[in-house]
Amino acid sequence: MRRLESVLAHLAVIAGVVFAVYPLLWVVSVALSPGAMSSHPRALPWPESPSLDAFADVLGVRDGRSAVFARQVVNSLVVSLATAAVAVAVATPAAYALARFRFVGKTWGTRTLLATQMFPAVASAVPLYLLLEAMHLLDSRAGLVLVYASTAVPFAIFQMRGAFDAIPVDLEEAAMVDGATRAGAFWRVALPAVRPAIAVTALFAFMSAWNEFILAATLLSREAAFTLPVVLQRYVGEHDTAWGPFAAGAILVSVPVMALFYIAQRQLVAGLTAGGVKG
Amino acid sequence: MRRLFALLVLAAIVSLVPACAEPPSLVLWHSYRGEEERVLVELAKRYEREHGIHVELLGLPFDAYSAKLQAAVPRAHGPDVFIDAHERLGIYRREGVVAPVGDAVPPEDVASYEPTALDAVTLDGERWGVPLSTKSLALYVNDGVPAGAPDVYPLAYEAENPYHHAAVLSAFGGALLAPDGSYGFDDDASLRSVLYVHDLIAKHEIPGDANGALVKQLFASGRARTSIDGPWLAADLPPSLRYHVEPLPVVQETGRRMRPLLTVEAVMLSPSGARRPEARAFARWLGGADAALVRATEAHQVVASEPAWHDPRIAGDPLLAAFHEQARAADPMPTSTRMRAVWVPVQEAMRRVFRGEDARVALDDGRRRFEDALKPPPPPPSPAPLAIALGVLALVGALFAVRRARAPAFRQELRESRTAYRYVAHAAVVVFVLVVLPLAAGALTSLFAGTRADPRYVGLGNYLAILTARGGSLLGHGSFYVTLFVTVLWTVCNVALHVTIGVALGVLLSRPAMRLKSFYRVLLVLPWAVPSYVTALAWKGMFHRQFGAINAILSWLGVQPVSWFSHFSTALAANVVTNTWLGFPFMMVVTLGALTSIPREVLEAAEVDGATRWQRFRGVTVPLLKPTMLPAVVLGSVWTFNMFNVVFLVSGGEPDGTTDILVSDAYRWAFTRDAQYGYAAAYAVLIFLILAAGSRLLTRVGGEATT
């Protein structure tokens with residue numbers, strides 16, 4: 001009985017894995033197949049006459065643009081890491097206050113924060129452009145980080161608030177009885193306890209910045225300043241799409257994220273205990 | 001951890017360092033790719049060598065190109081010179097993106113341009129671009145297939161595509177948009193043209209519901225002898241195929257030749273660029289014969305410069321020569337912004353005729369839809385009533401605030417809040433400046449109609465128009481309520497599937513006896529890691545009727561292939577499957593996280609008490625999951641409600657905009673129906689109000705407050 005159950009469980013999970021992986025295998029297959037998209041229907045994603053040309057194209061190996069590509073990788077990394085840093089730095093103390101203090105405007109503030117998540121982002125693109133212009137931050141990585149922070153910070157606050165809610169308040173109180181200040185309790189007791197959540201929050205912010213292209217393409221006006229998704233989107237044209245490089249680029253772009261996921265696995269599971277059971 | 005933080009801080013500092021080089025002399029934006037881009041780079045280098053002026057090029061993604069120009073140029077952050085299709089001149093002129101080219105086309109140059117191309121960039125007696133090249137449809141003929149061969153279509157083309165049909169329509173003496181900007185696809189010529197094509201499909205002389213990929217395949221495999229297609233087809237045909245291109249044929253029924261729509265790519269000048277003599281000189285040079293020769297020979301452009309065609313290298317290229325000949329017998333695409341509102345009604349009208357519905361009715365409905373979409377905004381009311389209402393509201397609010405502030409208890413509370421404010425102050429500032437202000441500014445646009453350069457106050461007119469379905473039937477096609485219903489259906493299906501699959505996998509993976517746990521876990525979160533704009537397109541490809549993997553699997557199972565995007569139910573299903581795939585990993589991870597915090601003893605105690613597995617799940621796991629899942633479900637619903645990407649990339653609203661959700665509809669108002677930004681903003685505000693009400697309801701029903 002136990003055995004049968006275990007087999008069934010594995011089968012169910014494997015079905016999920018197939019569902020998750022199958023479309024990605026198509027992306028891989030397209031990236032490895034030179035020339036146009038397949039012209040006859042196939043159920044299995046085997047590449048046709050596999051080659052690595054598409055990857056070479058994206059990396060700029062063949063036309064000597066590797067240096068520019070490397071620069072764009074650095075841009076993407078810097079912007080995404082900075083977005084993560086800003087999101088965590090801004091959100092963590094605020095989330096702590098929301099979880100631990102009662103204060104005037106708390107309910108109102110939280111509601112506003114949730115409300116901002118409901119407004120379609122389409123509406124704020126032009127005002128953001130004007131805002132960056134006024135701050136002289138157009139066409140700069142700092143400007144892009146600020147724009148990305150505008151989406152990352154509210155989510156990070158929810159995320160971190162859940163984490164602080166989930167850790168027992170006793171530890172901090174004990175520390176304060178022992179003579180620690182509120183700030184001390186926050187830094188030395190609460191923060192270390194929510195480390196997994198910080199990692200996950202940073203990962204989310206990183207990913208949202210890492211994959212965004214519309215705002216990046218609108219705000220950046222130098223090729224050397226482009227981030228990777230903008231470069232990728234260049235393979236999509238009005239009448240045709242260069243599927244090979246587009247797919248190859250997508251794979252290259254996802255590799256760092258997959259690596260981060262793999263490294264952060266434990267934290268991911270522990271850190272998403274958002275709003276979990278109060279201790 | 002500390003090292004990670006140090007790294008993050010370092011990145012934040014580096015991001016502040018400007019990555020700027022010395023200012024370039026001329027800035028050129030384009031969305032060329034491949035050969036065309038390479039040749040443009042080469043030409044810019046040559047120009048610098050010969051004329052000593054550096055031209056800084058910026059290649060942009062096609063998808064973001066037009067929006068970027070419209071954001072940047074009016075605020076003087078744009079290029080001096082840019083390359084775009086002439087049909088955008090209408091909107092660019094309206095938004096102040098483009099200026100007349102002046103002496104970039106001096107009188108002595110006029111004769112050296114293809115007259116049709118020069119006409120296309122001439123509006124109100126002024127020239128708004130230097131023509132570079134032309135693009136139009138022409139006839140591809142497979143030389144390996146004899147005329148009248150059995151089991152071969154004499155012709156294959158995208159019969160349902162209005163862009164292609166415009167060529168047929170011209171042979172009947174009609175046009176999609178009349179020169180005065182009124183809808184053209186409802187006259188006798190249109191009726192006869194569409195019935196003519198319907199007849200051809202019925203006689204199997206052309207394939208019905210053919211899309212670009214099918215046409216390409218039919219032609220390349222010799223199952224269609226001829227094909228109407230653009231120059232972009234040539235790049236996709238196998239090198240072994242023997243074919244030639246010739247101008248579009250005569251339609252026998254009318255005895256007139258088909259004239260395709262012509263797109264002219266031109267060098268345009270921004271207002272600031274037009275003031276610079278060196279920008280005008282460069283534009284003139286790029287359109288001139290020398291540069292044209294290079295563009296034609298190396299990038300295979302059908303150049304608009306006439307002297308270049310005297311060169312035997314171009315004139316001797318049969319493909320180029322054929323498209324060149326066609327360009328002379330083509331009609332430039334209308335530049336009017338109204339043209340953008342033509343495509344959808346025309347396509348729907350044609351589809352209805354091809355499905356066998358009454359043609360007259362279908363065409364008339366098309367015109368009604370066009371006119372409905374472009375209905376002029378309501379006359380400007382006086383801003384006084386709204387101002388007074390806002391003023392009274394502010395006054396009442398202020399009075400209330402003052403009264404409250406006077407209460408001693410409140411002062412006490414405020415004093416006690418001081419510590420908390422030290423923690424939230426910077427977040428409050430960031431959220432207010434970066435999130436609330438832009439959103440409020442965006443919401444304010446909903447009170448206006450007209451262009452960005454010349455907005456007109458209409459009060460709540462936009463809202464009124466949306467909520468009354470623009471005076472049409474409240475349950476009619478594309479009305480706000482119908483779209484809202486589709487959006488709710490879409491959200492409910494998605495969130496239900498996300499949660500079901502996510503919780504099921506989460507529960508299975510947290511079984512203590514489960515092996516290979518972390519292996520499965522990594523594979524299951526992969527959909528999350530790959531950028532969604534790529535995977536959504538991969539799914540779209542998998543749902544393709546002829547070549548998609550889904551239909552291949554179905555036929556392997558013995559099921560008839562499904563035309564996924566021709567019916568509302570299947571198109572919605574395709575969207576939902578894609579979005580389920582994108583969204584279930586999040587719910588799974590949330591479940592896994594929540595389950596780790598359920599003490600094992602609770603479950604064991606229940607087991608000892610003799611609870612069955614299902615009872616344990618219902619009685620212990622579900623209540624413990626609930627507090628974690630509820631915020632995740634609320635956020636997930638909000639995200640799904642506004643999930644623009646998947647709808648836009650997978651079904652694109654097909655069939656006929658029925659699978660559009662509110663956000664993608666708002667996008668269409670802003671970008672495809674005469675740029676009605678205020679109207680789109682009103683949609684956004686309504687979406688916000690619905691979500692705000694919905695999420696309060698959801699948390700109430702859920703029995704837990706998220707705030």
# chains A, B, ... in the order shown; residues from 1 in each chain; ligands from 1
>>> residues_around(residues="Val73 of chain A", least_positions_apart="6", cutoff="12 Å", atoms="only C-alpha atoms", output="list in words")
Val58, Leu59, Ser66, Ala67, Val79, Ser80, Trp210, Ala224, Ala225, Phe226, Thr227, Leu228, Pro229, Val230, Val231, Leu232, Gly249, Leu252, Val253 and Pro256 of chain A
>>> write_last_selection(atoms="C-alpha atoms", output="PDB file, in the first residue's frame")
ATOM      1  CA  VAL A  58      24.131  36.116 -29.473  1.00  0.00           C
ATOM      2  CA  LEU A  59      27.563  36.161 -27.860  1.00  0.00           C
ATOM      3  CA  SER A  66      31.629  40.184 -27.713  1.00  0.00           C
ATOM      4  CA  ALA A  67      32.933  43.218 -25.858  1.00  0.00           C
ATOM      5  CA  VAL A  79      21.057  47.010 -12.482  1.00  0.00           C
ATOM      6  CA  SER A  80      19.502  43.829 -11.143  1.00  0.00           C
ATOM      7  CA  TRP A 210      16.672  40.955 -14.900  1.00  0.00           C
ATOM      8  CA  ALA A 224      26.469  50.162 -24.310  1.00  0.00           C
ATOM      9  CA  ALA A 225      23.905  50.909 -21.619  1.00  0.00           C
ATOM     10  CA  PHE A 226      21.358  48.310 -22.756  1.00  0.00           C
ATOM     11  CA  THR A 227      20.390  45.416 -20.539  1.00  0.00           C
ATOM     12  CA  LEU A 228      20.135  41.868 -21.883  1.00  0.00           C
ATOM     13  CA  PRO A 229      16.357  41.676 -22.428  1.00  0.00           C
ATOM     14  CA  VAL A 230      16.552  44.744 -24.693  1.00  0.00           C
ATOM     15  CA  VAL A 231      19.299  43.046 -26.684  1.00  0.00           C
ATOM     16  CA  LEU A 232      17.173  39.907 -26.918  1.00  0.00           C
ATOM     17  CA  GLY A 249      19.592  34.380 -25.903  1.00  0.00           C
ATOM     18  CA  LEU A 252      21.740  32.415 -21.811  1.00  0.00           C
ATOM     19  CA  VAL A 253      19.667  34.962 -19.916  1.00  0.00           C
ATOM     20  CA  PRO A 256      22.179  32.905 -14.012  1.00  0.00           C
TER      21      PRO A 256
END
>>> residues_around(residues="Val145 of chain A", least_positions_apart="2", cutoff="8 Å", atoms="only C-alpha atoms", output="list of chain:residue names")
A:Val79, A:Ser80, A:Ala82, A:Thr83, A:Arg141, A:Ala142, A:Gly143, A:Val147, A:Tyr148, A:Ala149, B:Ser15
>>> write_last_selection(atoms="C-alpha atoms", output="PDB file, in the first residue's frame")
ATOM      1  CA  VAL A  79      21.057  47.010 -12.482  1.00  0.00           C
ATOM      2  CA  SER A  80      19.502  43.829 -11.143  1.00  0.00           C
ATOM      3  CA  ALA A  82      21.281  47.231  -7.327  1.00  0.00           C
ATOM      4  CA  THR A  83      17.510  46.819  -7.601  1.00  0.00           C
ATOM      5  CA  ARG A 141      21.533  52.820 -14.728  1.00  0.00           C
ATOM      6  CA  ALA A 142      20.565  54.629 -11.545  1.00  0.00           C
ATOM      7  CA  GLY A 143      17.356  55.827 -13.186  1.00  0.00           C
ATOM      8  CA  VAL A 147      12.078  52.595 -11.867  1.00  0.00           C
ATOM      9  CA  TYR A 148      12.513  48.929 -11.069  1.00  0.00           C
ATOM     10  CA  ALA A 149      12.494  49.725  -7.364  1.00  0.00           C
TER      11      ALA A 149
ATOM     12  CA  SER B  15      24.937  51.837 -10.840  1.00  0.00           C
TER      13      SER B  15
END
>>> closest_residue(among="B:Gly541, B:Pro239, B:Pro61, B:Pro385", to="chain A", atoms="only C-alpha atoms")
B:Pro61
>>> residues_around(residues="segment 154-157 of chain A", least_positions_apart="4", cutoff="6 Å", atoms="only C-alpha atoms", output="count of residues only")
4
>>> select_by_dssp(residues="segment 254-432 of chain B", states="strand (DSSP E)", output="PyMOL selection string")
chain B and resi 256-257+261-269+331-332
>>> residues_around(residues="Ser305 of chain B", least_positions_apart="5", cutoff="8 Å", atoms="only C-alpha atoms", output="ChimeraX atom specification")
/B:112-114,131-133,287-289,292
>>> write_last_selection(atoms="N, CA and C atoms", output="CSV table (one decimal), in the first residue's frame")
chain,number,residue,atom,x,y,z
B,112,SER,N,15.1,62.5,-58.7
B,112,SER,CA,15.9,61.3,-58.5
B,112,SER,C,15.3,60.3,-57.5
B,113,TYR,N,14.1,60.5,-57.0
B,113,TYR,CA,13.4,59.6,-56.2
B,113,TYR,C,12.2,59.0,-56.9
B,114,GLU,N,11.9,57.7,-56.6
B,114,GLU,CA,10.7,57.0,-57.0
B,114,GLU,C,9.5,57.9,-56.7
B,131,PRO,N,13.0,59.3,-48.6
B,131,PRO,CA,12.7,57.9,-48.9
B,131,PRO,C,14.0,57.1,-49.0
B,132,LEU,N,14.0,56.0,-48.3
B,132,LEU,CA,15.1,55.1,-48.4
B,132,LEU,C,14.8,53.9,-49.3
B,133,SER,N,13.7,53.2,-48.9
B,133,SER,CA,13.4,51.9,-49.6
B,133,SER,C,11.9,51.7,-49.5
B,287,GLY,N,19.9,58.9,-48.3
B,287,GLY,CA,18.9,58.6,-49.3
B,287,GLY,C,19.4,58.6,-50.8
B,288,GLY,N,20.6,59.3,-50.9
B,288,GLY,CA,21.1,59.5,-52.3
B,288,GLY,C,21.6,58.2,-53.0
B,289,ALA,N,22.0,58.4,-54.2
B,289,ALA,CA,22.3,57.3,-55.1
B,289,ALA,C,23.5,56.4,-54.6
B,292,ALA,N,22.5,54.5,-51.7
B,292,ALA,CA,21.4,53.6,-52.1
B,292,ALA,C,22.0,52.3,-52.8
>>> atom_distance(atom1="atom CA of Leu509 of chain B", atom2="atom CA of Ala9 of chain A")
8.6 Å
>>> select_by_dssp(residues="segment 146-314 of chain B", states="helix (DSSP H, G or I)", output="VMD selection string")
chain B and resid 162 to 171 188 to 202 212 to 220 232 to 236 271 to 274 277 to 287 289 to 299 307 to 310 312 to 314
>>> write_last_selection(atoms="C-alpha atoms", output="PDB file, in the first residue's frame")
ATOM      1  CA  PRO B 162      -6.644  42.931 -44.632  1.00  0.00           C
ATOM      2  CA  TYR B 163      -3.146  43.972 -45.686  1.00  0.00           C
ATOM      3  CA  HIS B 164      -3.203  41.314 -48.407  1.00  0.00           C
ATOM      4  CA  HIS B 165      -6.836  41.857 -49.254  1.00  0.00           C
ATOM      5  CA  ALA B 166      -6.184  45.554 -49.899  1.00  0.00           C
ATOM      6  CA  ALA B 167      -4.442  44.483 -53.128  1.00  0.00           C
ATOM      7  CA  VAL B 168      -7.482  42.499 -54.278  1.00  0.00           C
ATOM      8  CA  LEU B 169      -9.764  45.338 -53.246  1.00  0.00           C
ATOM      9  CA  SER B 170      -7.799  47.803 -55.382  1.00  0.00           C
ATOM     10  CA  ALA B 171      -8.563  45.722 -58.478  1.00  0.00           C
ATOM     11  CA  ASP B 188     -19.962  47.776 -53.514  1.00  0.00           C
ATOM     12  CA  ALA B 189     -16.335  47.338 -54.516  1.00  0.00           C
ATOM     13  CA  SER B 190     -15.569  45.867 -51.091  1.00  0.00           C
ATOM     14  CA  LEU B 191     -18.596  43.615 -51.231  1.00  0.00           C
ATOM     15  CA  ARG B 192     -17.668  42.266 -54.644  1.00  0.00           C
ATOM     16  CA  SER B 193     -14.000  41.822 -53.692  1.00  0.00           C
ATOM     17  CA  VAL B 194     -14.747  39.841 -50.564  1.00  0.00           C
ATOM     18  CA  LEU B 195     -17.345  37.664 -52.315  1.00  0.00           C
ATOM     19  CA  TYR B 196     -14.849  37.069 -55.110  1.00  0.00           C
ATOM     20  CA  VAL B 197     -12.271  35.750 -52.627  1.00  0.00           C
ATOM     21  CA  HIS B 198     -14.942  33.725 -50.838  1.00  0.00           C
ATOM     22  CA  ASP B 199     -15.731  32.113 -54.178  1.00  0.00           C
ATOM     23  CA  LEU B 200     -12.042  31.313 -54.803  1.00  0.00           C
ATOM     24  CA  ILE B 201     -11.821  29.601 -51.429  1.00  0.00           C
ATOM     25  CA  ALA B 202     -15.001  27.639 -52.140  1.00  0.00           C
ATOM     26  CA  GLY B 212       1.934  33.282 -43.083  1.00  0.00           C
ATOM     27  CA  ALA B 213       3.586  30.049 -41.971  1.00  0.00           C
ATOM     28  CA  LEU B 214       1.171  27.853 -43.952  1.00  0.00           C
ATOM     29  CA  VAL B 215       1.542  29.983 -47.087  1.00  0.00           C
ATOM     30  CA  LYS B 216       5.305  29.745 -46.825  1.00  0.00           C
ATOM     31  CA  GLN B 217       5.143  26.003 -46.427  1.00  0.00           C
ATOM     32  CA  LEU B 218       2.678  25.481 -49.300  1.00  0.00           C
ATOM     33  CA  PHE B 219       4.800  27.567 -51.618  1.00  0.00           C
ATOM     34  CA  ALA B 220       8.159  26.145 -50.585  1.00  0.00           C
ATOM     35  CA  TRP B 232      10.775  38.982 -46.315  1.00  0.00           C
ATOM     36  CA  LEU B 233       9.597  35.625 -47.745  1.00  0.00           C
ATOM     37  CA  ALA B 234      12.682  35.303 -49.960  1.00  0.00           C
ATOM     38  CA  ALA B 235      14.989  34.962 -46.957  1.00  0.00           C
ATOM     39  CA  ASP B 236      12.985  31.970 -45.683  1.00  0.00           C
ATOM     40  CA  PRO B 271      12.386  68.879 -34.671  1.00  0.00           C
ATOM     41  CA  SER B 272      15.813  69.500 -33.132  1.00  0.00           C
ATOM     42  CA  GLY B 273      17.546  67.464 -35.843  1.00  0.00           C
ATOM     43  CA  ALA B 274      15.763  69.395 -38.584  1.00  0.00           C
ATOM     44  CA  PRO B 277      22.316  71.488 -41.261  1.00  0.00           C
ATOM     45  CA  GLU B 278      24.591  68.470 -40.746  1.00  0.00           C
ATOM     46  CA  ALA B 279      21.593  66.264 -39.914  1.00  0.00           C
ATOM     47  CA  ARG B 280      19.802  67.348 -43.063  1.00  0.00           C
ATOM     48  CA  ALA B 281      22.962  66.784 -45.103  1.00  0.00           C
ATOM     49  CA  PHE B 282      23.370  63.287 -43.696  1.00  0.00           C
ATOM     50  CA  ALA B 283      19.717  62.422 -44.395  1.00  0.00           C
ATOM     51  CA  ARG B 284      20.161  63.589 -47.970  1.00  0.00           C
ATOM     52  CA  TRP B 285      23.328  61.538 -48.362  1.00  0.00           C
ATOM     53  CA  LEU B 286      21.762  58.381 -46.906  1.00  0.00           C
ATOM     54  CA  GLY B 287      18.861  58.581 -49.350  1.00  0.00           C
ATOM     55  CA  ALA B 289      22.346  57.276 -55.085  1.00  0.00           C
ATOM     56  CA  ASP B 290      25.771  56.365 -53.619  1.00  0.00           C
ATOM     57  CA  ALA B 291      24.412  55.074 -50.339  1.00  0.00           C
ATOM     58  CA  ALA B 292      21.413  53.555 -52.106  1.00  0.00           C
ATOM     59  CA  LEU B 293      23.715  51.459 -54.252  1.00  0.00           C
ATOM     60  CA  VAL B 294      25.332  49.973 -51.162  1.00  0.00           C
ATOM     61  CA  ARG B 295      21.969  49.434 -49.461  1.00  0.00           C
ATOM     62  CA  ALA B 296      20.608  47.663 -52.521  1.00  0.00           C
ATOM     63  CA  THR B 297      23.582  45.453 -53.279  1.00  0.00           C
ATOM     64  CA  GLU B 298      24.473  44.492 -49.723  1.00  0.00           C
ATOM     65  CA  ALA B 299      21.237  44.706 -47.744  1.00  0.00           C
ATOM     66  CA  PRO B 307      19.754  56.771 -60.327  1.00  0.00           C
ATOM     67  CA  ALA B 308      20.880  53.748 -58.302  1.00  0.00           C
ATOM     68  CA  TRP B 309      18.784  51.560 -60.584  1.00  0.00           C
ATOM     69  CA  HIS B 310      20.977  52.502 -63.555  1.00  0.00           C
ATOM     70  CA  PRO B 312      23.620  46.936 -63.611  1.00  0.00           C
ATOM     71  CA  ARG B 313      24.269  45.212 -60.286  1.00  0.00           C
ATOM     72  CA  ILE B 314      20.860  46.238 -58.984  1.00  0.00           C
TER      73      ILE B 314
END
>>> atom_distance(atom1="atom CA of Asp665 of chain B", atom2="atom CA of Leu467 of chain B")
14.2 Å
>>> residues_around(residues="segment 687-693 of chain B", least_positions_apart="3", cutoff="8 Å", atoms="only C-alpha atoms", output="count of residues only")
11
>>> closest_residue(among="A:Val189, A:Ala259, A:Val61, A:Leu32", to="Val169 of chain A", atoms="only C-alpha atoms")
A:Val189
